[in-house]
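K.L.:
Sending over a structure as structure tokens; questions will come in a sec.
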Amino acid sequence: MENPILQTIRTRRSIKLNHLKPDPVPQEIIDQALEAANWAPSHGETEPWRFTLFTGEARHNLGQLFAEAYELSAIESHPFKPETAEAQRARATQAPVWISIGMTPALHPNGDRKKPRDEEIMAVACAIQNLHLALTTHGICGKWTSGTVAVHPHIAQAIGLTPPSELLGFFYCGYPAIHWPDSIRQPWQNKITTYGQPNPN
Ligand SMILES: Cc1cc2nc3c(=O)[nH]c(=O)nc-3n(C[C@H](O)[C@H](O)[C@H](O)COP(=O)(O)O)c2cc1C
């Protein structure tokens, strides 16, 4: 019989926003996923993950933030297009749940970091993997989005992630409206270098 954890790991999938059903995700399931996230490892038990949950009507506020962040980034890099701003606003209601992915580093009293920034980010990534796996067990897909808008300092500030805290993107999730998405991996054996003899089974 297949190991159930391995099966969940293999089943976990990212999904496009427009492939989600509008159906809400029960709060109990969201809470369980957030608890799973909280069991992630972190160097020195810094527990740097911070989340903000947007569901229901609050997603309109998030859509407004997406549109504003797009406008600011468009001014910084590309010409502003009103239809893109509108699409950014509409994104927020395309998933029933959005979770901001924040990192708040642990600091010494003098303001120095207790652990390197990279390690704090890695710990947050572990937390998101736990969260995504927990949702998978309930037939829920999701995706970490980390584009320009999703990590924009304007949104970070609005949700209380001021430096040295950082916004690493957003995780949205919901029930798939399509068949469960596919993914592929190159064989794991291609990525392993072994010294010594394989252990006996
Ligand atoms: C740190 C991180 C950032 C990601 N950012 C994006 C993103 O901005 N846009 C996107 O479409 N997918 C993003 N993804 C999701 C990947 O595209 C997805 O994990 C990959 O295609 C493998 O698919 P799977 O998650 O279904 O196995 C991100 C994943 C990670 C771990």
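Residue numbering restarts at 1 for every chain of the structure tokens, chains are lettered A, B, ... in their displayed order, and ligands are numbered from 1 as they appear.
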Select from chain A every residue with an atom at most 12 Å from any atom of ligand 1, then for each give the shortest pair of atoms and their distance in Å to one decimal, using only C-alpha atoms and all ligand atoms, rows by chain and rising number, as a tab-separated table.
P.N.:
residue	atom	partner	partner_atom_place_in_ligand_line	distance
A:Thr8	CA	ligand 1	27 (O)	11.5
A:Ile9	CA	ligand 1	27 (O)	9.1
A:Arg10	CA	ligand 1	27 (O)	8.0
A:Thr11	CA	ligand 1	27 (O)	8.3
A:Arg12	CA	ligand 1	26 (O)	6.3
A:Arg13	CA	ligand 1	26 (O)	3.4
A:Ser14	CA	ligand 1	26 (O)	3.7
A:Ile15	CA	ligand 1	26 (O)	6.6
A:Lys16	CA	ligand 1	11 (O)	7.2
A:Leu17	CA	ligand 1	11 (O)	9.3
A:Asn18	CA	ligand 1	11 (O)	11.9
A:Ile101	CA	ligand 1	1 (C)	10.1
A:Ile121	CA	ligand 1	1 (C)	9.5
A:Met122	CA	ligand 1	1 (C)	9.4
A:Ala123	CA	ligand 1	1 (C)	11.6
A:Val124	CA	ligand 1	1 (C)	9.6
A:Ala125	CA	ligand 1	1 (C)	6.8
A:Cys126	CA	ligand 1	31 (C)	9.5
A:Ala127	CA	ligand 1	31 (C)	11.0
A:Ile128	CA	ligand 1	31 (C)	8.4
A:Gln129	CA	ligand 1	31 (C)	8.1
A:Asn130	CA	ligand 1	31 (C)	11.9
A:His132	CA	ligand 1	25 (O)	9.2
A:Leu133	CA	ligand 1	25 (O)	10.5
A:Thr136	CA	ligand 1	26 (O)	11.0
A:Ile140	CA	ligand 1	26 (O)	11.9
A:Cys141	CA	ligand 1	26 (O)	8.5
A:Gly142	CA	ligand 1	25 (O)	8.2
A:Lys143	CA	ligand 1	15 (C)	5.7
A:Trp144	CA	ligand 1	28 (C)	4.8
A:Thr145	CA	ligand 1	8 (O)	3.7
A:Ser146	CA	ligand 1	8 (O)	3.8
A:Gly147	CA	ligand 1	8 (O)	4.5
A:Thr148	CA	ligand 1	8 (O)	8.3
A:Val149	CA	ligand 1	8 (O)	9.5
A:Ala150	CA	ligand 1	8 (O)	7.9
A:Val151	CA	ligand 1	8 (O)	9.5
A:Leu167	CA	ligand 1	1 (C)	11.7
A:Leu168	CA	ligand 1	1 (C)	7.8
A:Gly169	CA	ligand 1	3 (C)	7.6
A:Phe170	CA	ligand 1	5 (N)	8.7
A:Phe171	CA	ligand 1	4 (C)	9.1
A:Tyr172	CA	ligand 1	12 (N)	10.9
A:Trp180	CA	ligand 1	26 (O)	9.9
A:Pro181	CA	ligand 1	26 (O)	7.1
A:Asp182	CA	ligand 1	26 (O)	6.8
A:Ser183	CA	ligand 1	26 (O)	5.4
A:Ile184	CA	ligand 1	27 (O)	7.3
A:Arg185	CA	ligand 1	27 (O)	8.2
A:Gln186	CA	ligand 1	27 (O)	11.8
K.L.:
Generate the output file for the selected residues, C-alpha atoms, as a PDB file, in the first residue's frame.
P.N.:
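The resulting file, part_7.pdb, is shown below:
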ATOM      1  CA  THR A   8      -0.424  13.569  -0.753  1.00  0.00           C
ATOM      2  CA  ILE A   9       2.944  15.054  -1.703  1.00  0.00           C
ATOM      3  CA  ARG A  10       2.580  13.707  -5.223  1.00  0.00           C
ATOM      4  CA  THR A  11      -1.059  14.793  -5.504  1.00  0.00           C
ATOM      5  CA  ARG A  12      -0.521  18.436  -4.362  1.00  0.00           C
ATOM      6  CA  ARG A  13      -1.065  20.740  -7.320  1.00  0.00           C
ATOM      7  CA  SER A  14      -0.896  24.358  -8.285  1.00  0.00           C
ATOM      8  CA  ILE A  15      -3.895  25.604 -10.232  1.00  0.00           C
ATOM      9  CA  LYS A  16      -4.737  28.577 -12.431  1.00  0.00           C
ATOM     10  CA  LEU A  17      -7.107  31.122 -10.948  1.00  0.00           C
ATOM     11  CA  ASN A  18      -9.665  30.640 -13.712  1.00  0.00           C
ATOM     12  CA  ILE A 101       2.740  35.103   2.609  1.00  0.00           C
ATOM     13  CA  ILE A 121      12.512  32.781   3.816  1.00  0.00           C
ATOM     14  CA  MET A 122      13.199  29.056   3.521  1.00  0.00           C
ATOM     15  CA  ALA A 123      11.249  28.458   6.722  1.00  0.00           C
ATOM     16  CA  VAL A 124       8.271  30.360   5.278  1.00  0.00           C
ATOM     17  CA  ALA A 125       8.471  28.226   2.133  1.00  0.00           C
ATOM     18  CA  CYS A 126       8.333  25.103   4.327  1.00  0.00           C
ATOM     19  CA  ALA A 127       5.236  26.544   6.001  1.00  0.00           C
ATOM     20  CA  ILE A 128       3.524  27.084   2.648  1.00  0.00           C
ATOM     21  CA  GLN A 129       4.309  23.548   1.572  1.00  0.00           C
ATOM     22  CA  ASN A 130       2.714  22.235   4.789  1.00  0.00           C
ATOM     23  CA  HIS A 132      -0.692  23.342   0.595  1.00  0.00           C
ATOM     24  CA  LEU A 133      -0.351  19.658   1.539  1.00  0.00           C
ATOM     25  CA  THR A 136      -4.632  18.755  -0.748  1.00  0.00           C
ATOM     26  CA  ILE A 140      -8.274  21.705  -2.584  1.00  0.00           C
ATOM     27  CA  CYS A 141      -5.745  23.151  -5.012  1.00  0.00           C
ATOM     28  CA  GLY A 142      -3.874  26.423  -4.640  1.00  0.00           C
ATOM     29  CA  LYS A 143      -0.972  28.419  -5.928  1.00  0.00           C
ATOM     30  CA  TRP A 144       1.801  30.637  -4.617  1.00  0.00           C
ATOM     31  CA  THR A 145       1.953  33.749  -6.788  1.00  0.00           C
ATOM     32  CA  SER A 146       5.042  35.889  -6.503  1.00  0.00           C
ATOM     33  CA  GLY A 147       4.833  38.347  -9.404  1.00  0.00           C
ATOM     34  CA  THR A 148       5.514  42.084  -9.200  1.00  0.00           C
ATOM     35  CA  VAL A 149       2.071  42.929  -7.847  1.00  0.00           C
ATOM     36  CA  ALA A 150       1.967  40.052  -5.348  1.00  0.00           C
ATOM     37  CA  VAL A 151       5.149  41.192  -3.602  1.00  0.00           C
ATOM     38  CA  LEU A 167       5.835  40.094   1.557  1.00  0.00           C
ATOM     39  CA  LEU A 168       6.807  36.943  -0.376  1.00  0.00           C
ATOM     40  CA  GLY A 169       3.615  36.760  -2.407  1.00  0.00           C
ATOM     41  CA  PHE A 170       0.129  35.346  -2.018  1.00  0.00           C
ATOM     42  CA  PHE A 171      -1.318  31.871  -1.833  1.00  0.00           C
ATOM     43  CA  TYR A 172      -4.818  31.420  -3.228  1.00  0.00           C
ATOM     44  CA  TRP A 180      -7.339  17.634 -10.956  1.00  0.00           C
ATOM     45  CA  PRO A 181      -4.348  19.386 -12.597  1.00  0.00           C
ATOM     46  CA  ASP A 182      -1.331  17.456 -13.860  1.00  0.00           C
ATOM     47  CA  SER A 183       2.330  18.117 -13.300  1.00  0.00           C
ATOM     48  CA  ILE A 184       5.516  16.333 -14.189  1.00  0.00           C
ATOM     49  CA  ARG A 185       8.921  15.919 -12.625  1.00  0.00           C
ATOM     50  CA  GLN A 186      12.204  14.736 -14.032  1.00  0.00           C
TER      51      GLN A 186
END
K.L.:
Would you list, as JSON, numbers by chain, the residues of region 20-198 of chain A that end up in helix (DSSP H, G or I) under DSSP run on this structure's backbone?
P.N.:
{"A": [27, 28, 29, 30, 31, 32, 33, 34, 35, 36, 37, 38, 58, 59, 60, 61, 62, 63, 64, 65, 66, 67, 68, 69, 70, 71, 72, 73, 74, 75, 76, 82, 83, 84, 85, 86, 87, 88, 89, 90, 91, 92, 93, 94, 117, 118, 119, 120, 121, 122, 123, 124, 125, 126, 127, 128, 129, 130, 131, 132, 133, 134, 135, 136, 153, 154, 155, 156, 157, 158, 188, 189, 190, 191]}
K.L.:
Create the file for the chosen residues now, containing C-alpha atoms and written as a short mmCIF file (atom, residue, chain, number, x, y, z; two decimals), in the first residue's frame.
P.N.:
data_model
loop_
_atom_site.label_atom_id
_atom_site.label_comp_id
_atom_site.auth_asym_id
_atom_site.auth_seq_id
_atom_site.Cartn_x
_atom_site.Cartn_y
_atom_site.Cartn_z
CA GLN A 27 -13.08 27.80 7.94
CA GLU A 28 -12.22 24.55 9.74
CA ILE A 29 -10.19 23.44 6.71
CA ILE A 30 -8.42 26.80 6.43
CA ASP A 31 -7.60 26.70 10.14
CA GLN A 32 -6.23 23.18 9.85
CA ALA A 33 -4.01 24.27 6.94
CA LEU A 34 -2.76 27.29 8.91
CA GLU A 35 -1.95 25.01 11.84
CA ALA A 36 -0.05 22.70 9.47
CA ALA A 37 1.89 25.77 8.27
CA ASN A 38 2.74 26.61 11.86
CA ALA A 58 -12.68 41.37 2.21
CA ARG A 59 -11.38 40.15 -1.14
CA HIS A 60 -12.66 43.40 -2.68
CA ASN A 61 -10.20 45.31 -0.47
CA LEU A 62 -7.48 42.98 -1.69
CA GLY A 63 -8.51 43.55 -5.31
CA GLN A 64 -8.22 47.28 -4.70
CA LEU A 65 -4.69 46.75 -3.35
CA PHE A 66 -3.76 44.62 -6.39
CA ALA A 67 -5.02 47.37 -8.73
CA GLU A 68 -3.11 50.07 -6.82
CA ALA A 69 0.09 48.00 -6.76
CA TYR A 70 -0.25 47.41 -10.50
CA GLU A 71 -0.69 51.13 -11.07
CA LEU A 72 2.41 51.92 -9.00
CA SER A 73 4.50 49.25 -10.72
CA ALA A 74 3.20 50.33 -14.13
CA ILE A 75 4.35 53.85 -13.44
CA GLU A 76 7.73 52.44 -12.39
CA PRO A 82 -6.85 50.63 -17.29
CA GLU A 83 -7.98 47.17 -18.42
CA THR A 84 -4.99 45.55 -16.68
CA ALA A 85 -5.79 47.44 -13.49
CA GLU A 86 -9.35 46.13 -13.72
CA ALA A 87 -8.09 42.58 -14.30
CA GLN A 88 -5.89 42.89 -11.21
CA ARG A 89 -8.89 44.03 -9.19
CA ALA A 90 -11.00 41.13 -10.50
CA ARG A 91 -8.33 38.52 -9.68
CA ALA A 92 -9.07 38.78 -5.98
CA THR A 93 -12.59 37.40 -6.33
CA GLN A 94 -11.55 34.57 -8.65
CA ARG A 117 17.37 36.34 5.81
CA ASP A 118 17.56 33.37 3.39
CA GLU A 119 16.94 30.91 6.19
CA GLU A 120 13.90 32.83 7.38
CA ILE A 121 12.51 32.78 3.82
CA MET A 122 13.20 29.06 3.52
CA ALA A 123 11.25 28.46 6.72
CA VAL A 124 8.27 30.36 5.28
CA ALA A 125 8.47 28.23 2.13
CA CYS A 126 8.33 25.10 4.33
CA ALA A 127 5.24 26.54 6.00
CA ILE A 128 3.52 27.08 2.65
CA GLN A 129 4.31 23.55 1.57
CA ASN A 130 2.71 22.24 4.79
CA LEU A 131 -0.32 24.45 4.22
CA HIS A 132 -0.69 23.34 0.60
CA LEU A 133 -0.35 19.66 1.54
CA ALA A 134 -2.99 19.98 4.26
CA LEU A 135 -5.38 21.54 1.74
CA THR A 136 -4.63 18.76 -0.75
CA PRO A 153 5.77 47.08 -1.05
CA HIS A 154 2.48 49.01 -1.30
CA ILE A 155 0.57 45.85 -0.38
CA ALA A 156 3.18 44.82 2.19
CA GLN A 157 2.76 48.12 3.98
CA ALA A 158 -1.05 47.96 3.82
CA TRP A 188 14.42 12.05 -8.80
CA GLN A 189 17.31 9.66 -9.50
CA ASN A 190 18.74 12.27 -11.92
CA LYS A 191 19.24 14.70 -9.07
#
K.L.:
Using only C-alpha atoms, can you tell me which of A:Ser100, A:Thr194, A:Thr137, A:Asn201 comes closest to Glu166 (chain A)?
P.N.:
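Smallest separation from Glu166 (chain A) among the options: A:Ser100.
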K.L.:
Give me, please, the distance in Å between CA of Gly56 (chain A) and CA of Asp23 (chain A), quoted to one decimal.
P.N.:
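Taking CA of Gly56 (chain A) as the start and CA of Asp23 (chain A) as the end point, the length is 10.6 Å.
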K.L.:
Show which residues sit within 8 Å of Ser165 (chain A), as number ranges by chain. Count only C-alpha atoms, and ignore same-chain residues fewer than 2 positions away.
P.N.:
A: 102-105, 161-163, 167
K.L.:
Identify, with DSSP run on backbone atoms, the residues in region 24-177 of chain A assigned to strand (DSSP E), and express the list as a short mmCIF file (atom, residue, chain, number, x, y, z; two decimals) with N, CA and C atoms, in the first residue's frame.
P.N.:
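Result file result.cif:
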data_model
loop_
_atom_site.label_atom_id
_atom_site.label_comp_id
_atom_site.auth_asym_id
_atom_site.auth_seq_id
_atom_site.Cartn_x
_atom_site.Cartn_y
_atom_site.Cartn_z
N TRP A 49 6.93 32.91 9.74
CA TRP A 49 5.78 33.00 8.82
C TRP A 49 4.69 33.86 9.44
N ARG A 50 4.13 34.71 8.60
CA ARG A 50 2.99 35.56 9.00
C ARG A 50 1.98 35.55 7.86
N PHE A 51 0.71 35.36 8.19
CA PHE A 51 -0.31 35.25 7.15
C PHE A 51 -1.44 36.25 7.39
N THR A 52 -2.02 36.74 6.32
CA THR A 52 -3.24 37.54 6.39
C THR A 52 -4.25 36.86 5.48
N LEU A 53 -5.43 36.65 6.02
CA LEU A 53 -6.45 35.88 5.31
C LEU A 53 -7.47 36.83 4.68
N PHE A 54 -7.79 36.62 3.42
CA PHE A 54 -8.83 37.40 2.75
C PHE A 54 -9.88 36.44 2.21
N THR A 55 -11.09 36.55 2.72
CA THR A 55 -12.19 35.72 2.22
C THR A 55 -13.41 36.64 2.06
N VAL A 97 -10.35 32.06 -1.38
CA VAL A 97 -9.44 32.35 -0.26
C VAL A 97 -8.10 32.85 -0.80
N TRP A 98 -7.64 33.95 -0.22
CA TRP A 98 -6.29 34.45 -0.50
C TRP A 98 -5.56 34.60 0.84
N ILE A 99 -4.31 34.18 0.83
CA ILE A 99 -3.49 34.27 2.06
C ILE A 99 -2.19 34.98 1.69
N SER A 100 -1.92 36.09 2.34
CA SER A 100 -0.64 36.74 2.07
C SER A 100 0.46 35.94 2.76
N ILE A 101 1.61 35.87 2.08
CA ILE A 101 2.74 35.10 2.61
C ILE A 101 3.78 36.10 3.11
N GLY A 102 3.84 36.22 4.43
CA GLY A 102 4.74 37.20 5.02
C GLY A 102 5.88 36.54 5.77
N MET A 103 6.96 37.28 5.86
CA MET A 103 8.12 36.81 6.63
C MET A 103 8.53 37.93 7.59
N CYS A 141 -6.98 22.74 -4.32
CA CYS A 141 -5.74 23.15 -5.01
C CYS A 141 -5.44 24.59 -4.64
N GLY A 142 -4.23 25.03 -4.93
CA GLY A 142 -3.87 26.42 -4.64
C GLY A 142 -2.65 26.81 -5.43
N LYS A 143 -2.23 28.03 -5.28
CA LYS A 143 -0.97 28.42 -5.93
C LYS A 143 -0.33 29.59 -5.20
N TRP A 144 0.98 29.53 -5.11
CA TRP A 144 1.80 30.64 -4.62
C TRP A 144 2.05 31.54 -5.81
N THR A 145 1.64 32.79 -5.72
CA THR A 145 1.95 33.75 -6.79
C THR A 145 2.94 34.76 -6.22
N GLU A 166 8.83 41.08 5.23
CA GLU A 166 8.73 41.09 3.77
C GLU A 166 7.48 40.35 3.33
N LEU A 167 6.95 40.79 2.21
CA LEU A 167 5.83 40.09 1.56
C LEU A 167 6.43 39.21 0.46
N LEU A 168 6.21 37.89 0.59
CA LEU A 168 6.81 36.94 -0.38
C LEU A 168 5.81 36.52 -1.44
N GLY A 169 4.63 37.10 -1.41
CA GLY A 169 3.62 36.76 -2.41
C GLY A 169 2.30 36.41 -1.74
N PHE A 170 1.44 35.76 -2.51
CA PHE A 170 0.13 35.35 -2.02
C PHE A 170 -0.10 33.89 -2.38
N PHE A 171 -0.87 33.23 -1.54
CA PHE A 171 -1.32 31.87 -1.83
C PHE A 171 -2.83 31.93 -1.95
N TYR A 172 -3.35 31.52 -3.10
CA TYR A 172 -4.82 31.42 -3.23
C TYR A 172 -5.19 29.95 -3.30
N CYS A 173 -6.41 29.64 -2.94
CA CYS A 173 -6.81 28.23 -3.00
C CYS A 173 -8.32 28.11 -3.15
N GLY A 174 -8.73 26.93 -3.55
CA GLY A 174 -10.15 26.63 -3.72
C GLY A 174 -10.31 25.26 -4.34
#
K.L.:
Just checking: using only C-alpha atoms, which residue out of A:Val25, A:Thr46, A:Ile159, A:His78 ends up closest to His108 (chain A)?
P.N.:
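Closest candidate: A:Thr46.
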